[in-house]
file target_0.txt (compact mmCIF, C-alpha atoms)
# COMPACT_ATOMS: atom_id res chain seq x y z
CA MET A 1211 0.00 0.00 0.00
CA SER A 1212 1.47 3.36 -0.96
CA CYS A 1213 1.65 6.31 1.40
CA LYS A 1214 -0.72 8.28 -0.80
CA ASN A 1215 -3.48 5.74 -0.23
CA PHE A 1216 -3.04 5.78 3.54
CA MET A 1217 -5.89 7.71 5.11
CA THR A 1218 -5.13 9.66 8.27
CA ARG A 1219 -7.70 9.11 11.01
CA ALA A 1220 -8.76 10.92 14.14
CA LYS A 1221 -10.44 8.66 16.67
CA ASP A 1222 -10.58 10.59 19.94
CA ALA A 1223 -11.78 14.07 18.98
CA TYR A 1224 -15.33 13.17 19.97
CA LYS A 1225 -14.29 11.70 23.32
CA LYS A 1226 -12.24 14.64 24.60
CA SER A 1227 -13.31 18.09 25.66
CA VAL A 1228 -11.30 21.29 25.93
CA TYR A 1229 -11.34 20.79 29.72
CA ASP A 1230 -9.07 17.77 29.27
CA PHE A 1231 -6.27 20.13 28.24
CA ILE A 1232 -6.54 22.66 31.07
CA THR A 1233 -3.41 21.58 32.92
CA ASP A 1234 -0.25 23.53 32.07
CA ILE A 1235 -1.50 26.52 30.10
CA TYR A 1236 1.12 28.53 28.22
CA VAL A 1237 0.46 32.26 28.54
CA VAL A 1238 2.14 35.61 27.91
CA CYS A 1239 3.80 36.73 31.15
CA PRO A 1240 2.15 39.93 32.44
CA LYS A 1241 5.55 41.18 33.65
CA CYS A 1242 8.07 40.42 30.85
CA SER A 1243 5.81 39.38 27.90
CA LYS A 1244 7.68 36.09 27.47
CA GLN A 1245 6.24 32.61 27.93
CA ALA A 1246 4.83 31.80 31.37
CA ILE A 1247 2.81 28.80 32.56
CA VAL A 1248 -0.46 28.69 34.45
CA LYS A 1249 -0.12 25.44 36.39
CA THR A 1250 -3.36 23.75 37.39
CA PRO A 1251 -4.34 20.36 38.80
CA GLY A 1252 -6.88 20.06 35.97
CA TYR A 1253 -10.29 21.61 35.55
CA SER A 1254 -12.59 20.42 38.30
CA PHE A 1255 -14.63 22.25 40.88
CA LYS A 1256 -14.09 19.39 43.34
CA ILE A 1257 -10.61 20.62 44.26
CA ASP A 1258 -9.35 23.76 45.95
CA PHE A 1259 -8.37 25.94 42.99
CA GLU A 1260 -7.58 28.96 45.13
CA ASN A 1261 -4.28 27.52 46.40
CA LYS A 1262 -3.36 25.12 43.58
CA VAL A 1263 -3.61 27.26 40.44
CA LYS A 1264 -0.57 29.44 39.94
CA CYS A 1265 1.10 31.46 37.21
CA VAL A 1266 4.89 31.19 37.00
CA CYS A 1267 7.44 32.66 34.61
CA SER A 1268 10.91 31.12 34.45
CA ASN A 1269 12.20 34.17 32.54
CA CYS A 1270 11.52 36.96 35.04
CA GLY A 1271 10.48 35.03 38.16
CA HIS A 1272 6.89 36.29 38.18
CA SER A 1273 4.75 34.06 40.39
CA LYS A 1274 1.14 34.44 41.48
CA ILE A 1275 -1.31 32.06 43.15
CA LEU A 1276 -4.98 32.30 42.15
CA ARG A 1277 -6.05 33.17 45.71
CA GLU A 1278 -3.95 36.35 45.38
CA LYS A 1279 -6.06 37.47 42.42
CA ALA A 1280 -9.04 39.58 43.36
CA SER A 1281 -12.40 37.87 43.18
CA ILE A 1282 -15.71 39.56 42.46
CA ASP A 1283 -17.41 40.87 45.59
CA LEU A 1284 -21.13 40.20 45.36
CA GLY A 1285 -21.75 41.80 48.74
CA SER A 1286 -23.93 40.41 51.46
CA GLY A 1287 -26.27 41.43 54.24
CA SER A 1288 -24.30 39.47 56.82
CA LYS A 1289 -20.83 39.94 58.25
CA LEU A 1290 -19.38 37.31 55.88
CA PRO A 1291 -18.57 38.63 52.40
CA ILE A 1292 -19.87 36.76 49.38
CA THR A 1293 -17.21 36.48 46.71
CA TYR A 1294 -17.23 34.77 43.35
CA ARG A 1295 -14.76 33.79 40.66
CA ILE A 1296 -15.57 33.60 36.98
CA TYR A 1297 -13.62 31.10 34.88
CA HIS A 1298 -13.47 31.57 31.10
CA PRO A 1299 -12.59 28.27 29.38
CA ALA A 1300 -12.37 27.83 25.60
CA THR A 1301 -11.21 31.33 24.69
CA THR A 1302 -7.92 32.98 23.69
CA ILE A 1303 -7.15 33.77 27.34
CA ASP A 1304 -6.40 31.43 30.20
CA PRO A 1305 -9.55 30.74 32.24
CA PHE A 1306 -8.08 31.75 35.62
CA PHE A 1307 -5.84 34.82 35.39
CA TYR A 1308 -7.26 35.99 32.02
CA LEU A 1309 -3.79 36.22 30.49
CA PRO A 1310 -3.38 35.97 26.68
CA LEU A 1311 -2.46 32.51 25.47
CA TRP A 1312 1.08 32.00 24.20
CA LEU A 1313 0.00 29.52 21.53
CA LYS A 1314 -2.22 31.61 19.28
CA ILE A 1315 -1.95 32.91 15.75
CA ASP A 1316 -4.13 34.71 13.21
CA CYS A 1317 -5.33 32.15 10.69
CA CYS A 1318 -8.00 32.31 7.97
CA ASN A 1319 -9.36 35.60 9.36
CA ASN A 1320 -9.78 33.96 12.79
CA VAL A 1321 -7.59 33.06 15.74
CA LEU A 1322 -6.13 29.57 16.06
CA TRP A 1323 -5.19 28.82 19.67
CA ALA A 1324 -4.23 26.02 22.04
CA TYR A 1325 -3.66 25.84 25.79
CA ASN A 1326 -0.47 23.78 25.55
CA TYR A 1327 1.52 21.60 23.18
CA ASP A 1328 -0.57 18.48 23.91
CA HIS A 1329 -3.69 20.44 22.96
CA LEU A 1330 -1.92 21.73 19.85
CA ASP A 1331 -0.90 18.21 18.79
CA PHE A 1332 -4.41 16.93 19.41
CA LEU A 1333 -5.96 19.67 17.26
CA LYS A 1334 -3.38 19.14 14.53
CA THR A 1335 -4.16 15.42 14.39
CA HIS A 1336 -7.88 16.14 14.12
CA ILE A 1337 -7.54 18.83 11.44
CA LYS A 1338 -5.02 16.75 9.45
CA ALA A 1339 -7.28 13.68 9.45
CA LYS A 1340 -9.27 12.93 6.36
CA LEU A 1341 -11.46 10.55 8.37
CA ARG A 1342 -12.83 11.80 11.70
CA GLU A 1343 -14.48 8.95 13.56
CA ARG A 1344 -17.20 9.63 16.11
CA ASN A 1345 -17.13 6.12 17.65
CA ASP A 1346 -20.41 6.48 19.55
CA ALA A 1347 -19.03 8.95 22.07
CA GLU A 1348 -21.25 9.40 25.13
CA LEU A 1349 -21.50 13.20 24.95
CA PRO A 1350 -20.48 13.98 21.38
CA ASN A 1351 -21.82 17.56 21.46
CA HIS A 1352 -19.49 18.48 24.34
CA SER A 1353 -16.42 17.15 22.57
CA ILE A 1354 -13.69 19.10 20.84
CA GLY A 1355 -14.58 17.49 17.52
CA SER A 1356 -18.15 18.76 17.67
CA ARG A 1357 -17.24 22.21 18.97
CA LEU A 1358 -14.55 23.24 16.50
CA PRO A 1359 -15.63 26.11 14.27
CA ARG A 1360 -16.45 25.37 10.65
CA TRP A 1361 -13.46 27.32 9.32
CA MET A 1362 -11.15 24.92 11.17
CA THR A 1363 -12.77 21.72 9.92
CA SER A 1364 -13.21 22.89 6.34
CA LYS A 1365 -11.10 21.00 3.81
CA LYS A 1366 -10.35 24.23 1.93
CA ASN A 1367 -8.50 25.67 4.96
CA ARG A 1368 -6.64 22.50 5.96
CA ASP A 1369 -3.26 23.36 4.39
CA ILE A 1370 -3.22 26.91 5.78
CA ILE A 1371 -4.21 25.71 9.26
CA LEU A 1372 -1.54 23.00 9.23
CA LYS A 1373 1.08 25.64 8.36
CA CYS A 1374 -0.14 27.73 11.29
CA PHE A 1375 0.21 24.69 13.56
CA GLU A 1376 3.84 24.36 12.42
CA VAL A 1377 4.50 27.99 13.35
CA LEU A 1378 2.95 27.51 16.79
CA GLN A 1379 4.92 24.31 17.42
CA LYS A 1380 8.16 26.24 16.95
CA LYS A 1381 7.13 28.96 19.39

call {"tool": "encode", "arguments": {"input": "target_0.txt", "output": "structure tokens"}}
result
Amino acid sequence: MSCKNFMTRAKDAYKKSVYDFITDIYVVCPKCSKQAIVKTPGYSFKIDFENKVKCVCSNCGHSKILREKASIDLGSGSKLPITYRIYHPATTIDPFFYLPLWLKIDCCNNVLWAYNYDHLDFLKTHIKAKLRERNDAELPNHSIGSRLPRWMTSKKNRDIILKCFEVLQKK
């Protein structure tokens, strides 16, 4: 069988969600504008995010724990304040500190982004695939495969998007 006849396949895009990649998020350091990392134990409300999510930069030494970031004061009628945090997943900023993602690039009049290199590789495999298998995923509408915008999954943009992935991988 020749290489030209080999069909690339993506099997897991309908089993994974963007939340599966919220671990080490590469961001632009707010202090030196170089690459920093938002370290998280994953995306779950069952753990104490306040003390475990932190932003660190190995270039300038910037370090901040999520509990040090101001939360929204909703006020209260009692002596105990009511505070709230808003997390913004699946955008071009990190969901905790709202810092711009390091792995993003203008592509096809849109922004192509990834949280980290694992996320980038996963997206590249899905976009590159000529056959994208759904495999009876339990919650297919919550998956990355079902949530990608049309411009990313369109065959006409595939070559341009793959070139953008190459640029991001070298960053």

call {"tool": "atom_distance", "arguments": {"input": "target_0.txt", "atom1": "atom CA of A:Val1228", "atom2": "atom CA of A:Tyr1325"}}
result
8.9 Å

call {"tool": "closest_residue", "arguments": {"input": "target_0.txt", "among": "A:Thr1250, A:Ser1243, A:Lys1381, A:Trp1323", "to": "A:Ile1303", "atoms": "all atoms listed in the file"}}
result
A:Trp1323

call {"tool": "residues_around", "arguments": {"input": "target_0.txt", "residues": "stretch 1373-1379 of chain A", "least_positions_apart": "4", "cutoff": "8 Å", "atoms": "all atoms listed in the file", "output": "JSON, numbers by chain"}}
result
{"A": [1313, 1314, 1315, 1317, 1322, 1327, 1330, 1334, 1369]}

call {"tool": "write_last_selection", "arguments": {"input": "target_0.txt", "atoms": "C-alpha atoms", "output": "compact mmCIF listing (two decimals), keeping the file's coordinate frame"}}
result
# COMPACT_ATOMS: atom_id res chain seq x y z
CA LEU A 1313 0.00 29.52 21.53
CA LYS A 1314 -2.22 31.61 19.28
CA ILE A 1315 -1.95 32.91 15.75
CA CYS A 1317 -5.33 32.15 10.69
CA LEU A 1322 -6.13 29.57 16.06
CA TYR A 1327 1.52 21.60 23.18
CA LEU A 1330 -1.92 21.73 19.85
CA LYS A 1334 -3.38 19.14 14.53
CA ASP A 1369 -3.26 23.36 4.39

call {"tool": "atom_distance", "arguments": {"input": "target_0.txt", "atom1": "atom CA of A:Asp1234", "atom2": "atom CA of A:Thr1363"}}
result
25.5 Å

call {"tool": "atom_distance", "arguments": {"input": "target_0.txt", "atom1": "atom CA of A:Gln1245", "atom2": "atom CA of A:Asn1261"}}
result
21.9 Å

call {"tool": "axis_aligned_box", "arguments": {"input": "target_0.txt", "around": "stretch 1226-1236 of chain A", "padding_each_side": "4 Å", "output": "lines of an AutoDock Vina configuration file"}}
result
center_x = -6.1
center_y = 21.6
center_z = 28.8
size_x = 22.4
size_y = 21.9
size_z = 16.3

call {"tool": "residues_around", "arguments": {"input": "target_0.txt", "residues": "A:Phe1231", "least_positions_apart": "4", "cutoff": "8 Å", "atoms": "all atoms listed in the file", "output": "VMD selection string"}}
result
chain A and resid 1227 1252 1325 to 1326 1328 to 1329

call {"tool": "residues_near_point", "arguments": {"input": "target_0.txt", "point": "(-5.8, 15.9, 7.4)", "cutoff": "7 Å", "atoms": "only C-alpha atoms", "output": "list in words"}}
result
Thr1218, Ile1337, Lys1338, Ala1339, Lys1340 and Arg1368 of chain A

call {"tool": "write_last_selection", "arguments": {"input": "target_0.txt", "atoms": "C-alpha atoms", "output": "PDB file, in the frame of the given file"}}
result
ATOM      1  CA  THR A1218      -5.130   9.660   8.270  1.00  0.00           C
ATOM      2  CA  ILE A1337      -7.540  18.830  11.440  1.00  0.00           C
ATOM      3  CA  LYS A1338      -5.020  16.750   9.450  1.00  0.00           C
ATOM      4  CA  ALA A1339      -7.280  13.680   9.450  1.00  0.00           C
ATOM      5  CA  LYS A1340      -9.270  12.930   6.360  1.00  0.00           C
ATOM      6  CA  ARG A1368      -6.640  22.500   5.960  1.00  0.00           C
TER       7      ARG A1368
END

call {"tool": "closest_residue", "arguments": {"input": "target_0.txt", "among": "A:Ala1300, A:Leu1333, A:Ile1354, A:Val1238", "to": "A:Cys1270", "atoms": "all atoms listed in the file"}}
result
A:Val1238

call {"tool": "closest_residue", "arguments": {"input": "target_0.txt", "among": "A:Pro1251, A:Ala1324, A:Asp1304, A:Lys1244", "to": "A:Gly1271", "atoms": "only C-alpha atoms"}}
result
A:Lys1244

call {"tool": "closest_residue", "arguments": {"input": "target_0.txt", "among": "A:Ile1275, A:Ile1235, A:Val1321, A:Leu1372", "to": "A:Thr1335", "atoms": "all atoms listed in the file"}}
result
A:Leu1372
